[in-house]
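Engineer: Just one file: data.cif, with mmCIF, C-alpha atoms and all ligand atoms.
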data_model
#
loop_
_atom_site.label_atom_id
_atom_site.label_comp_id
_atom_site.auth_asym_id
_atom_site.auth_seq_id
_atom_site.Cartn_x
_atom_site.Cartn_y
_atom_site.Cartn_z
CA MET A 107 -3.69 39.19 109.49
CA ALA A 108 -6.47 37.41 107.66
CA ALA A 109 -9.80 39.00 106.76
CA ALA A 110 -10.32 40.64 110.16
CA ASP A 111 -10.94 44.37 110.35
CA THR A 112 -8.09 46.58 111.47
CA SER A 113 -8.16 50.23 112.42
CA TYR A 114 -5.20 52.49 111.72
CA GLY A 115 -5.58 56.12 112.63
CA SER A 116 -9.01 57.19 111.44
CA LEU A 117 -9.18 54.52 108.74
CA ARG A 118 -10.55 50.97 108.80
CA PHE A 119 -8.91 48.24 106.78
CA ARG A 120 -10.25 44.88 105.67
CA VAL A 121 -9.57 42.37 102.94
CA ALA A 122 -12.01 43.06 100.10
CA THR A 123 -14.35 40.38 98.73
CA PRO A 124 -15.92 40.00 95.27
CA ASP A 125 -18.98 41.91 96.55
CA ASP A 126 -16.75 44.98 96.84
CA ALA A 127 -15.34 44.71 93.31
CA THR A 128 -17.75 47.13 91.59
CA GLN A 129 -17.08 49.89 94.14
CA ILE A 130 -13.35 49.29 93.99
CA GLN A 131 -13.28 49.38 90.18
CA ALA A 132 -15.11 52.72 90.22
CA LEU A 133 -12.68 54.17 92.76
CA VAL A 134 -9.64 53.00 90.80
CA GLN A 135 -11.12 54.36 87.58
CA SER A 136 -11.79 57.79 89.06
CA ALA A 137 -8.37 58.05 90.70
CA TYR A 138 -6.26 56.87 87.75
CA ARG A 139 -8.29 58.16 84.85
CA GLY A 140 -10.25 61.10 86.26
CA ARG A 141 -9.04 64.68 86.55
CA GLN A 142 -10.14 65.62 90.06
CA GLY A 143 -7.06 64.39 91.95
CA TRP A 144 -3.56 65.89 92.09
CA THR A 145 -2.01 63.07 90.08
CA THR A 146 -3.63 61.15 87.24
CA GLU A 147 -2.90 59.14 84.12
CA ALA A 148 -5.76 60.73 82.17
CA ASP A 149 -3.39 62.38 79.67
CA MET A 150 -1.66 59.07 78.93
CA LEU A 151 -4.38 56.45 78.92
CA ALA A 152 -8.04 56.49 77.85
CA ASP A 153 -9.07 53.06 79.08
CA ASN A 154 -10.83 51.68 82.16
CA ARG A 155 -7.56 50.95 84.05
CA ILE A 156 -9.16 47.66 85.14
CA ASP A 157 -12.58 46.07 84.79
CA VAL A 158 -14.65 44.46 87.56
CA GLU A 159 -13.61 40.96 86.47
CA GLY A 160 -9.98 42.04 86.71
CA VAL A 161 -10.50 43.18 90.29
CA VAL A 162 -12.15 39.87 91.20
CA GLY A 163 -9.31 38.05 89.46
CA LYS A 164 -6.77 39.75 91.69
CA MET A 165 -8.73 38.66 94.77
CA ALA A 166 -8.55 35.06 93.55
CA THR A 167 -4.82 35.14 92.87
CA PRO A 168 -2.66 33.20 95.36
CA ASP A 169 -0.62 35.28 97.80
CA THR A 170 -2.60 38.37 96.78
CA VAL A 171 -5.14 40.52 98.63
CA VAL A 172 -7.10 43.61 97.74
CA LEU A 173 -7.53 45.93 100.73
CA PHE A 174 -10.76 47.88 101.28
CA VAL A 175 -10.06 51.06 103.23
CA ALA A 176 -13.05 52.84 104.75
CA ASP A 177 -13.55 56.01 106.76
CA ASP A 178 -15.33 55.98 110.10
CA THR A 179 -18.72 55.89 108.36
CA GLY A 180 -17.74 52.72 106.50
CA ALA A 181 -17.50 54.47 103.11
CA LEU A 182 -14.76 53.31 100.73
CA VAL A 183 -11.98 55.91 100.59
CA ALA A 184 -8.99 53.95 99.30
CA CYS A 185 -7.88 50.56 98.07
CA CYS A 186 -4.81 48.70 96.95
CA GLU A 187 -3.57 45.33 95.78
CA LEU A 188 -0.83 43.61 97.78
CA ALA A 189 1.04 40.51 96.67
CA LYS A 190 3.81 38.37 98.03
CA ARG A 191 6.44 38.22 95.30
CA SER A 192 9.17 36.19 97.03
CA ALA A 193 10.36 35.26 100.52
CA ASP A 194 11.23 38.86 101.40
CA LEU A 195 9.55 40.97 98.71
CA ALA A 196 5.98 42.29 98.58
CA TYR A 197 4.32 44.28 95.79
CA LEU A 198 1.91 47.22 96.02
CA GLY A 199 -0.37 48.01 93.09
CA MET A 200 -3.80 49.46 92.21
CA PHE A 201 -3.24 51.99 95.00
CA ALA A 202 -5.97 54.61 94.85
CA VAL A 203 -7.48 57.25 97.13
CA ASP A 204 -10.88 58.74 96.30
CA PRO A 205 -9.95 61.91 94.34
CA ARG A 206 -12.38 63.95 96.48
CA ARG A 207 -10.37 62.94 99.55
CA GLN A 208 -6.81 63.17 98.19
CA ALA A 209 -4.00 65.41 99.47
CA GLY A 210 -5.29 65.12 103.04
CA GLY A 211 -2.96 62.43 104.32
CA ILE A 212 -5.01 59.30 103.52
CA GLY A 213 -2.39 58.02 101.07
CA ARG A 214 0.34 58.34 103.70
CA GLU A 215 -1.78 56.52 106.29
CA VAL A 216 -2.67 53.70 103.90
CA LEU A 217 0.97 53.25 102.93
CA ALA A 218 2.03 52.99 106.58
CA HIS A 219 -0.61 50.30 107.14
CA VAL A 220 0.43 48.50 103.95
CA GLU A 221 4.04 48.34 105.10
CA ALA A 222 3.03 46.93 108.49
CA TYR A 223 0.65 44.45 106.82
CA CYS A 224 3.34 43.12 104.46
CA ARG A 225 5.87 42.74 107.28
CA ARG A 226 3.38 41.03 109.57
CA THR A 227 1.62 38.81 107.01
CA TRP A 228 4.48 37.72 104.77
CA GLY A 229 7.61 38.70 106.69
CA ALA A 230 8.43 41.08 103.82
CA ARG A 231 11.64 43.12 104.14
CA ARG A 232 11.10 45.07 100.91
CA LEU A 233 8.08 46.65 99.20
CA GLU A 234 8.04 47.18 95.44
CA ILE A 235 5.94 49.43 93.21
CA GLY A 236 5.92 50.30 89.52
CA VAL A 237 5.29 53.97 88.72
CA THR A 238 4.18 54.75 85.19
CA TRP A 239 6.70 57.00 83.44
CA PRO A 240 6.43 59.98 83.12
CA ARG A 241 4.81 60.86 86.45
CA PRO A 242 7.53 62.83 88.26
CA GLU A 243 5.14 64.21 90.90
CA LEU A 244 4.19 60.67 91.90
CA PHE A 245 7.76 59.36 91.78
CA GLU A 246 8.75 62.20 94.17
CA TRP A 247 5.82 61.40 96.47
CA TYR A 248 7.17 57.87 96.89
CA VAL A 249 10.71 59.20 97.43
CA ARG A 250 9.33 61.30 100.30
CA ARG A 251 7.79 58.09 101.68
CA GLY A 252 11.19 56.36 101.74
CA PHE A 253 11.17 54.59 98.36
CA ARG A 254 14.05 54.76 95.92
CA GLY A 255 14.16 54.20 92.20
CA THR A 256 15.91 50.90 91.49
CA GLY A 257 16.76 51.95 87.93
CA GLU A 258 14.82 48.96 86.60
CA LYS A 259 12.28 49.69 83.86
CA ARG A 260 9.50 47.26 82.93
CA PRO A 261 7.41 47.30 79.77
CA PHE A 262 3.96 48.86 79.89
CA PRO A 263 1.30 46.17 79.22
CA TYR A 264 -0.24 47.77 76.12
CA ASP A 265 -1.89 44.48 75.15
CA GLU A 266 -3.81 44.27 78.46
CA LEU A 267 -5.69 47.58 78.34
CA ALA A 268 -9.30 47.38 79.58
CA SER A 269 -11.81 48.82 77.09
CA GLY A 270 -9.85 51.70 75.66
CA GLU A 271 -6.59 52.91 74.25
CA ALA A 272 -3.25 54.38 75.18
CA LEU A 273 -2.67 58.01 74.20
CA ARG A 274 1.09 57.56 73.84
CA ASP A 275 3.35 54.67 72.94
CA ASP A 276 6.41 55.34 75.10
CA LEU A 277 5.10 54.42 78.56
CA TYR A 278 6.94 52.07 80.90
CA PHE A 279 7.11 51.34 84.61
CA ASP A 280 9.85 52.78 86.81
CA ILE A 281 10.43 50.21 89.55
CA MET A 282 10.77 51.63 93.06
CA GLU A 283 11.48 49.83 96.29
CA LYS A 284 11.36 50.55 100.01
CA ASP A 285 13.38 48.77 102.68
CA LEU A 286 10.90 47.68 105.36
CA GLY A 287 13.61 46.72 107.83
CA ALA A 288 13.64 43.61 109.95
CA ALA A 289 10.32 41.77 110.24
C1 LIG B 301 -1.04 58.64 94.94
C2 LIG B 301 -2.19 58.63 95.93
C3 LIG B 301 -2.52 57.19 96.34
C4 LIG B 301 -1.74 59.45 97.18
O1 LIG B 301 -2.85 59.59 98.06
P1 LIG B 301 -3.17 60.99 98.77
O2 LIG B 301 -4.23 60.73 99.78
O3 LIG B 301 -3.44 62.02 97.73
O4 LIG B 301 -1.76 61.28 99.48
P2 LIG B 301 -1.44 62.18 100.76
O5 LIG B 301 -2.59 63.07 101.05
O6 LIG B 301 -0.94 61.31 101.84
O7 LIG B 301 -0.23 63.03 100.23
C5 LIG B 301 -0.47 64.06 99.31
C6 LIG B 301 0.83 64.58 98.84
O8 LIG B 301 0.66 65.17 97.57
C7 LIG B 301 1.31 66.41 97.53
N1 LIG B 301 0.60 67.18 96.54
C8 LIG B 301 -0.61 67.74 96.64
N2 LIG B 301 -0.91 68.37 95.49
C9 LIG B 301 0.15 68.21 94.67
C10 LIG B 301 0.46 68.63 93.35
N3 LIG B 301 -0.41 69.37 92.65
N4 LIG B 301 1.65 68.26 92.82
C11 LIG B 301 2.52 67.51 93.50
N5 LIG B 301 2.28 67.07 94.77
C12 LIG B 301 1.11 67.43 95.33
C13 LIG B 301 1.22 66.91 98.93
O9 LIG B 301 2.24 67.85 99.16
C14 LIG B 301 1.46 65.61 99.72
O10 LIG B 301 2.83 65.30 99.77
P3 LIG B 301 3.58 65.05 101.18
O11 LIG B 301 2.79 64.02 101.89
O12 LIG B 301 4.93 64.57 100.85
O13 LIG B 301 3.52 66.38 101.86
C15 LIG B 301 -3.47 59.30 95.33
O14 LIG B 301 -3.16 60.62 94.98
C16 LIG B 301 -4.05 58.59 94.13
O15 LIG B 301 -4.97 57.78 94.27
N6 LIG B 301 -3.56 58.91 92.90
C17 LIG B 301 -4.13 58.35 91.64
C18 LIG B 301 -3.81 56.88 91.48
C19 LIG B 301 -2.30 56.62 91.49
O16 LIG B 301 -1.56 57.24 90.77
N7 LIG B 301 -1.88 55.68 92.37
C20 LIG B 301 -0.46 55.32 92.54
C21 LIG B 301 0.02 54.46 91.45
S1 LIG B 301 1.71 53.86 91.72
#
Go ahead and express the file in the form of structure tokens.

Structural biologist:
Amino acid sequence: MAAADTSYGSLRFRVATPDDATQIQALVQSAYRGRQGWTTEADMLADNRIDVEGVVGKMATPDTVVLFVADDTGALVACCELAKRSADLAYLGMFAVDPRRQAGGIGREVLAHVEAYCRRTWGARRLEIGVTWPRPELFEWYVRRGFRGTGEKRPFPYDELASGEALRDDLYFDIMEKDLGAA
């Protein structure tokens, strides 16, 4: 799929453009750093998660797309970054649902679309994510979605924080992976 719109359930998906970057940054900020949703990093990190230039930079990165997920009124409700990592591996990052709309099934729907997108677009057989430790509630959410912890830990990028600071110095990423089956 290229930039064409796709519907999945009640949601509409399209590849985001730089004009969407300000809205997407605000959504990511509120989901990761706000306190309205059921899972947040607000107790661990007091930064902007990403700035608008960072969002645009992802859009310009080869083999990478940012998805804009809207409801049936066209309003932004979720977003994510997808990247092709190798011949059979795709990566999911910057995955956020509007905190006012969380815990209603949007995350599940977006993930199902993401898996289909990665299989169809890149022939991916596996989908990888990095979950900031310690976020056991989020790790378990991904387990219920069919992911497993690989046991791999990656360093937290303390030197890349956007306009702010970390509130603890022992963070890292737990790498999780889902088998997407045959393409
Ligand atoms: C993680 C996220 C994308 C999920 O989206 P969502 O729309 O809330 O997800 P869903 O509505 O599909 O699922 C909600 C789940 O949370 C569970 N949940 C709700 N409140 C909870 C709580 N207080 N503690 C633990 N789980 C809770 C529900 O039981 C449901 O789980 P189930 O689907 O297995 O039954 C969204 O919460 C988010 O944007 N979080 C902040 C950003 C983030 O951490 N992104 C992921 C980084 S790897």

Engineer: Residues within 10 Å of ligand LIG 301 (chain B) (all atoms listed in the file), as a count of residues only?

Structural biologist: 60

Engineer: At what distance in Å, to one decimal, does CA of Gly287 in chain A lie from CA of Val121 in chain A?

Structural biologist: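 Value for the CA of Val121 in chain A-CA of Gly287 in chain A distance: 24.1 Å.
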
Engineer: Go through A:Leu286, A:Thr170, A:Thr112, A:Glu271 and flag the residue nearest Leu233 in chain A, using only C-alpha atoms for the distances.

Structural biologist: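 Looking only at the distances to Leu233 in chain A, the closest residue turns out to be A:Leu286.
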
Engineer: Considering only C-alpha atoms, state which residue in the set A:Arg254, A:Arg231, A:Ser269, A:Asp276 is at the smallest distance from Asp153 in chain A.

Structural biologist: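 Between A:Arg254, A:Arg231, A:Ser269, A:Asp276, the residue approaching Asp153 in chain A most closely is A:Ser269.
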
Engineer: Using all atoms listed in the file, determine which residues lie at most 8 Å from Asp194 in chain A, disregarding the query and same-chain residues fewer than 3 positions distant; provide the list as a list of chain:residue names.

Structural biologist: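 The residues satisfying every condition are A:Arg191, A:Trp228, A:Gly229, A:Ala230, A:Arg231, A:Arg232.
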
Engineer: Can you measure CA of Asp149 in chain A to CA of Glu266 in chain A for me? One decimal in Å is fine.

Structural biologist: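 Atom-to-atom, CA of Asp149 in chain A to CA of Glu266 in chain A, that is 18.2 Å.
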
Engineer: Kindly give the distance, in Å, that separates CA of Lys284 in chain A and CA of Gly252 in chain A, rounded to a single decimal.

Structural biologist: 6.1 Å

Engineer: Report as a list of chain:residue names all protein, DNA and RNA residues lying within 10 Å of range 124-126 of chain A, evaluated on all atoms listed in the file, omitting residues in the same chain fewer than 3 positions from it.

Structural biologist: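 These residues fall inside the cut-off: A:Val121, A:Gln129, A:Ile130, A:Gln131, A:Val158, A:Glu159, A:Val161, A:Val162, A:Gly163, A:Lys164, A:Met165, A:Ala166, A:Val172, A:Phe174, A:Leu182.
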
Engineer: How about saving the chosen residues, C-alpha atoms kept, as a PDB file, keeping the file's coordinate frame?

Structural biologist:
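Generated file (again.pdb):
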ATOM      1  CA  VAL A 121      -9.570  42.370 102.940  1.00  0.00           C
ATOM      2  CA  GLN A 129     -17.080  49.890  94.140  1.00  0.00           C
ATOM      3  CA  ILE A 130     -13.350  49.290  93.990  1.00  0.00           C
ATOM      4  CA  GLN A 131     -13.280  49.380  90.180  1.00  0.00           C
ATOM      5  CA  VAL A 158     -14.650  44.460  87.560  1.00  0.00           C
ATOM      6  CA  GLU A 159     -13.610  40.960  86.470  1.00  0.00           C
ATOM      7  CA  VAL A 161     -10.500  43.180  90.290  1.00  0.00           C
ATOM      8  CA  VAL A 162     -12.150  39.870  91.200  1.00  0.00           C
ATOM      9  CA  GLY A 163      -9.310  38.050  89.460  1.00  0.00           C
ATOM     10  CA  LYS A 164      -6.770  39.750  91.690  1.00  0.00           C
ATOM     11  CA  MET A 165      -8.730  38.660  94.770  1.00  0.00           C
ATOM     12  CA  ALA A 166      -8.550  35.060  93.550  1.00  0.00           C
ATOM     13  CA  VAL A 172      -7.100  43.610  97.740  1.00  0.00           C
ATOM     14  CA  PHE A 174     -10.760  47.880 101.280  1.00  0.00           C
ATOM     15  CA  LEU A 182     -14.760  53.310 100.730  1.00  0.00           C
TER      16      LEU A 182
END

Engineer: Given only C-alpha atoms as the basis, pick out the residue of A:Pro240, A:Gly115, A:Gly160, A:Pro168 nearest to His219 in chain A.

Structural biologist: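 Closest candidate: A:Gly115.
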
Engineer: For Leu267 in chain A, which of A:Tyr223, A:Phe119, A:Ala132, A:Arg155 is the closest residue, counting all atoms listed in the file?

Structural biologist: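 Distance minimum relative to Leu267 in chain A lands on A:Arg155.
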